[in-house]
Amino acid sequence: MDLRTEIAQSWRRAELSGLSPASPVERLDVADVDSRSRLLRAASPVLDELARQLAGTRFCVILADDECRIVARRFSERSVELALEDISAVPGCQFLEERTGTNSLATPFETRRGVSVDGDEHFLEAMKQFTCYGHPVVHPATRRLAGVLDITGPAGDANPLLGPFLRRAVADIERRLLDGAKFAEQQLLAAFQSVQHRACAVLALGQDVVLANTAATELVDTADHRLLRELGRTRRGLRRLRLTSGTPVEVRVEAVSANAGLLFELAPVRTSSPVVSRPRAAQGLFPAQIDERLRGAGRARRRVLISGEPGAGRTTAARIVAGDEPVHEFDASDVVADSVPAWCARVEAACAGGGLLVVDGIQLLPPLAAVRLSRLLDTTTAWFALLSGPPAELRGEQATLAARMHRRIELPPLRERRDEIPGIARALLRGFGDSLRLTPGALELLGSQQWPGNLRELAGVLAGAADRRSAGDLTAEDVAPGCAETAPGALTGWEQAEYDVIVRTLRACDGNKVRAAKQLGISRSTLYNRMRALRVR
């Protein structure tokens, strides 16, 4: 059977997840549906109109949320309901390709594109009786995936107009989502205005809106918004916590309608009882203890090895070590163009010039160049900083060269510093002007990314956003073009631990998922499921 490219790719993903065409469709991860969600409130009138238009046909309409979990269905015949139940297309069931194969819920969710799947194009035998068309629903303000809308009917009833018909319905839902967001902002503003003149600090946090009276502006830092949102998701009433400034406060939390936002009243208190605390956010690009080690190496003029992933700030760290001293930079990748003797001669000549000699990318040095540089370190008193990838990447002569350094400082990847991202982003943003600020929605989106390019990637995203808006507040919409298309929400502590274990194991297994699953003691399908849930790429 010749398959369209998008269908063949979906089949391949299903096979890699451990599915076979005969796999049963089981009800996995069935959860309660939030009947008051913004998506459902926006989509319900559209679904009702679709149901009216499809009355008397054997087609049904299915809506899934941003996790591809079915939240609503519309059908006019009992036989359609029974057919949906046979394939577990019921409210609360999550349709993902590794569990349900190729279909018009899971595949649009995976590809973020509208997809038609007809009869035998379904991967699972149990679904070949259907023809269907699905399309992602994207929130117009945040550009994040809000859900997937699907029309499904018997395989013999395929119709080329299903696509345009459904796309119009998706456009209606997206418009209603935007209108609902504006109404929510109005509700949040009204709630804020009713209490803003109180003596305490008053702060209102919406999806991408922040309202604060003068006292809140002076007391609450932007970095505190995420902490307050987390508090609002789990608590109501009165609670004590410590802000990133170190100030303990008493916080009263109130929800404004169903989804408009949260209202906070904060008052500083004396620490007569325990408070919730967390480490203070970094004020610069590196954690405080690493920044101090870098500066200490500079004051003592100690030779230092600075290691870390690409983009982690190794060159910036070397300049912190140098302080006010001149810096002479050499790139190990230039050895190929210069030849080993010529490149080494340039390094040797610089030894007499004073300042800090920085050699970037020593993991790329040919063995002969690494040996020559090691000998130079033994015969000169020049001040060196060697920069490398993660220490595990160093082998043979490169590792021997690194061992000659007096101090070793490893820079952590940005994904391990999520709580520090607000401070880091502000530090980077200062380079683009003092008039730019990041809204809580933008910070939440930045904090949800995995940042494989680390600080360099974050700086690039902020630079692009600054080009699009030269002054004022940078919103999630401003930074979204540079971020992953579907950013996960902030991971919990346990989820972050899972993510790190999976990433380390995959790295140790050279990306081989079968070996990684065996090493982790789980099935391959379970590994794929967790990778999907945690957005491990």
# chains A, B, ... in the order shown; residues from 1 in each chain; ligands from 1
call {"tool": "residues_around", "arguments": {"residues": "Asp473 (chain A)", "least_positions_apart": "2", "cutoff": "8 Å", "atoms": "only C-alpha atoms", "output": "tab-separated table (two decimals) with N, CA, C and O atoms, in the first residue's frame"}}
result
chain	number	residue	atom	x	y	z
A	436	LEU	N	12.77	47.89	27.98
A	436	LEU	CA	12.09	46.63	27.70
A	436	LEU	C	11.89	45.84	28.99
A	436	LEU	O	12.79	45.76	29.83
A	437	ARG	N	10.71	45.23	29.12
A	437	ARG	CA	10.41	44.37	30.27
A	437	ARG	C	9.70	43.12	29.77
A	437	ARG	O	9.08	43.12	28.71
A	438	LEU	N	9.79	42.06	30.56
A	438	LEU	CA	9.15	40.78	30.21
A	438	LEU	C	7.92	40.59	31.08
A	438	LEU	O	7.99	40.72	32.31
A	439	THR	N	6.80	40.26	30.46
A	439	THR	CA	5.58	40.00	31.22
A	439	THR	C	5.65	38.61	31.84
A	439	THR	O	6.45	37.77	31.42
A	471	ALA	N	10.34	48.94	22.69
A	471	ALA	CA	10.07	49.50	24.02
A	471	ALA	C	8.80	48.87	24.57
A	471	ALA	O	7.97	48.35	23.84
A	475	THR	N	5.67	40.35	25.55
A	475	THR	CA	4.70	39.35	25.95
A	475	THR	C	5.11	37.97	25.44
A	475	THR	O	6.10	37.82	24.71
call {"tool": "residues_around", "arguments": {"residues": "Leu39 (chain A)", "least_positions_apart": "2", "cutoff": "10 Å", "atoms": "only C-alpha atoms", "output": "number ranges by chain"}}
result
A: 34-37, 41-44, 63-66, 71, 137, 139, 146-147, 173-174, 176-177, 180
call {"tool": "atom_distance", "arguments": {"atom1": "CA of Leu40 (chain A)", "atom2": "CA of Gly153 (chain A)"}}
result
22.3 Å
call {"tool": "residues_around", "arguments": {"residues": "Phe123 (chain A)", "least_positions_apart": "3", "cutoff": "12 Å", "atoms": "only C-alpha atoms", "output": "PyMOL selection string"}}
result
chain A and resi 3+7-15+19-25+97-104+106-107+117-120+126-130
call {"tool": "write_last_selection", "arguments": {"atoms": "C-alpha atoms", "output": "mmCIF file, in the first residue's frame"}}
result
data_model
loop_
_atom_site.group_PDB
_atom_site.id
_atom_site.type_symbol
_atom_site.label_atom_id
_atom_site.label_comp_id
_atom_site.auth_asym_id
_atom_site.auth_seq_id
_atom_site.Cartn_x
_atom_site.Cartn_y
_atom_site.Cartn_z
ATOM 1 C CA LEU A 3 1.035 5.877 1.793
ATOM 2 C CA ILE A 7 0.779 9.135 6.884
ATOM 3 C CA ALA A 8 3.920 7.026 6.323
ATOM 4 C CA GLN A 9 5.823 9.155 8.837
ATOM 5 C CA SER A 10 3.032 8.709 11.360
ATOM 6 C CA TRP A 11 3.075 4.930 10.855
ATOM 7 C CA ARG A 12 6.806 4.940 11.474
ATOM 8 C CA ARG A 13 6.368 6.849 14.738
ATOM 9 C CA ALA A 14 3.696 4.374 15.840
ATOM 10 C CA GLU A 15 5.946 1.401 15.053
ATOM 11 C CA LEU A 19 2.516 -0.535 18.416
ATOM 12 C CA SER A 20 1.404 -3.118 15.873
ATOM 13 C CA PRO A 21 -1.695 -2.843 13.646
ATOM 14 C CA ALA A 22 -3.396 -5.484 15.788
ATOM 15 C CA SER A 23 -2.801 -3.595 19.054
ATOM 16 C CA PRO A 24 -6.037 -3.140 21.003
ATOM 17 C CA VAL A 25 -7.362 0.333 21.685
ATOM 18 C CA GLU A 97 0.200 8.223 18.380
ATOM 19 C CA GLU A 98 2.166 5.858 20.598
ATOM 20 C CA ARG A 99 -1.131 4.549 21.972
ATOM 21 C CA THR A 100 -3.659 4.981 19.176
ATOM 22 C CA GLY A 101 -1.480 5.137 16.053
ATOM 23 C CA THR A 102 -2.352 7.287 13.049
ATOM 24 C CA ASN A 103 -5.667 9.135 13.394
ATOM 25 C CA SER A 104 -7.063 12.631 13.080
ATOM 26 C CA ALA A 106 -3.205 12.114 17.550
ATOM 27 C CA THR A 107 -1.534 12.947 14.226
ATOM 28 C CA VAL A 117 -6.967 9.921 7.546
ATOM 29 C CA ASP A 118 -9.174 7.640 5.477
ATOM 30 C CA GLY A 119 -9.890 3.956 6.079
ATOM 31 C CA ASP A 120 -6.743 1.866 5.576
ATOM 32 C CA ALA A 126 -9.700 -1.187 14.847
ATOM 33 C CA MET A 127 -9.835 2.314 13.308
ATOM 34 C CA LYS A 128 -9.791 1.428 9.610
ATOM 35 C CA GLN A 129 -13.599 1.561 9.599
ATOM 36 C CA PHE A 130 -13.470 5.382 9.882
#
call {"tool": "atom_distance", "arguments": {"atom1": "CA of Asp378 (chain A)", "atom2": "CA of Cys344 (chain A)"}}
result
14.3 Å
call {"tool": "atom_distance", "arguments": {"atom1": "CA of Val90 (chain A)", "atom2": "CA of Ile70 (chain A)"}}
result
6.5 Å
call {"tool": "residues_around", "arguments": {"residues": "region 261-268 of chain A", "least_positions_apart": "5", "cutoff": "10 Å", "atoms": "only C-alpha atoms", "output": "PyMOL selection string"}}
result
chain A and resi 184-185+187-189+191-192+195-196+198-212+215-216+219-220+228-229+232-233+236-243+247-256
call {"tool": "write_last_selection", "arguments": {"atoms": "C-alpha atoms", "output": "tab-separated table (two decimals), in the first residue's frame"}}
result
chain	number	residue	atom	x	y	z
A	184	ALA	CA	-11.19	37.71	31.15
A	185	GLU	CA	-8.88	40.74	31.09
A	187	GLN	CA	-12.93	40.88	34.69
A	188	LEU	CA	-9.40	40.94	36.08
A	189	LEU	CA	-9.22	44.73	35.72
A	191	ALA	CA	-11.47	42.96	40.39
A	192	PHE	CA	-8.16	44.81	40.68
A	195	VAL	CA	-9.19	46.61	45.86
A	196	GLN	CA	-6.19	48.53	44.46
A	198	ARG	CA	-6.05	49.13	50.01
A	199	ALA	CA	-3.04	49.79	52.23
A	200	CYS	CA	-1.30	46.53	51.29
A	201	ALA	CA	0.37	45.57	48.02
A	202	VAL	CA	-2.22	44.40	45.47
A	203	LEU	CA	-1.22	42.37	42.42
A	204	ALA	CA	-3.40	40.81	39.69
A	205	LEU	CA	-1.95	38.14	37.38
A	206	GLY	CA	-3.79	37.10	34.25
A	207	GLN	CA	-2.69	34.88	31.39
A	208	ASP	CA	-0.56	37.66	29.94
A	209	VAL	CA	-1.57	40.65	32.06
A	210	VAL	CA	-0.08	42.11	35.23
A	211	LEU	CA	-1.77	44.82	37.29
A	212	ALA	CA	-0.09	46.24	40.40
A	215	ALA	CA	3.05	49.13	46.94
A	216	ALA	CA	3.13	45.95	44.85
A	219	LEU	CA	7.62	44.97	46.86
A	220	VAL	CA	7.18	42.30	44.18
A	228	LEU	CA	2.76	33.36	43.18
A	229	ARG	CA	1.09	31.58	40.26
A	232	GLY	CA	-2.50	30.29	43.42
A	233	ARG	CA	-2.88	26.95	41.65
A	236	ARG	CA	-6.66	29.95	48.46
A	237	GLY	CA	-6.97	32.22	51.47
A	238	LEU	CA	-3.97	33.25	53.59
A	239	ARG	CA	-0.41	31.92	53.25
A	240	ARG	CA	3.12	32.99	54.15
A	241	LEU	CA	6.11	32.79	51.83
A	242	ARG	CA	9.44	34.50	51.11
A	243	LEU	CA	9.93	36.61	48.00
A	247	THR	CA	11.28	39.59	52.28
A	248	PRO	CA	8.77	37.35	54.10
A	249	VAL	CA	5.18	38.27	53.24
A	250	GLU	CA	1.67	37.24	54.12
A	251	VAL	CA	-0.33	36.58	50.96
A	252	ARG	CA	-4.08	36.38	50.44
A	253	VAL	CA	-5.00	34.61	47.19
A	254	GLU	CA	-8.33	34.93	45.40
A	255	ALA	CA	-9.39	33.56	42.02
A	256	VAL	CA	-11.13	36.01	39.69
call {"tool": "closest_residue", "arguments": {"among": "A:Val514, A:Arg38, A:Arg74, A:Ala350", "to": "Ala55 (chain A)", "atoms": "only C-alpha atoms"}}
result
A:Arg74
call {"tool": "select_by_dssp", "arguments": {"residues": "region 311-463 of chain A", "states": "strand (DSSP E)", "output": "list in words"}}
result
Val327, His328, Glu329, Phe330, Asp331, Leu356, Leu357, Val358, Val359, Asp360, Trp383, Phe384, Ala385, Leu386, Leu387, Ser388, Arg407, Arg408, Ile409, Glu410, Leu436, Arg437 and Leu438 of chain A
call {"tool": "closest_residue", "arguments": {"among": "A:Arg73, A:Arg515, A:His122, A:Arg415", "to": "Arg4 (chain A)", "atoms": "only C-alpha atoms"}}
result
A:His122
call {"tool": "closest_residue", "arguments": {"among": "A:Arg314, A:Arg167, A:Arg426, A:Arg112", "to": "Arg456 (chain A)", "atoms": "only C-alpha atoms"}}
result
A:Arg314
call {"tool": "residues_around", "arguments": {"residues": "Ile320 (chain A)", "least_positions_apart": "4", "cutoff": "12 Å", "atoms": "only C-alpha atoms", "output": "NGL selection string"}}
result
:A and (284-286 or 290-299 or 301 or 304 or 306 or 313-316 or 324-327 or 356 or 358 or 385)
call {"tool": "closest_residue", "arguments": {"among": "A:Gly354, A:Gly323, A:Gly521, A:Gly163", "to": "Ala382 (chain A)", "atoms": "only C-alpha atoms"}}
result
A:Gly354
call {"tool": "select_by_dssp", "arguments": {"residues": "region 359-515 of chain A", "states": "alpha helix (DSSP H)", "output": "ChimeraX atom specification"}}
result
/A:367-379,396-402,421-429,440-447,454-468,476-479,493-508,513-515
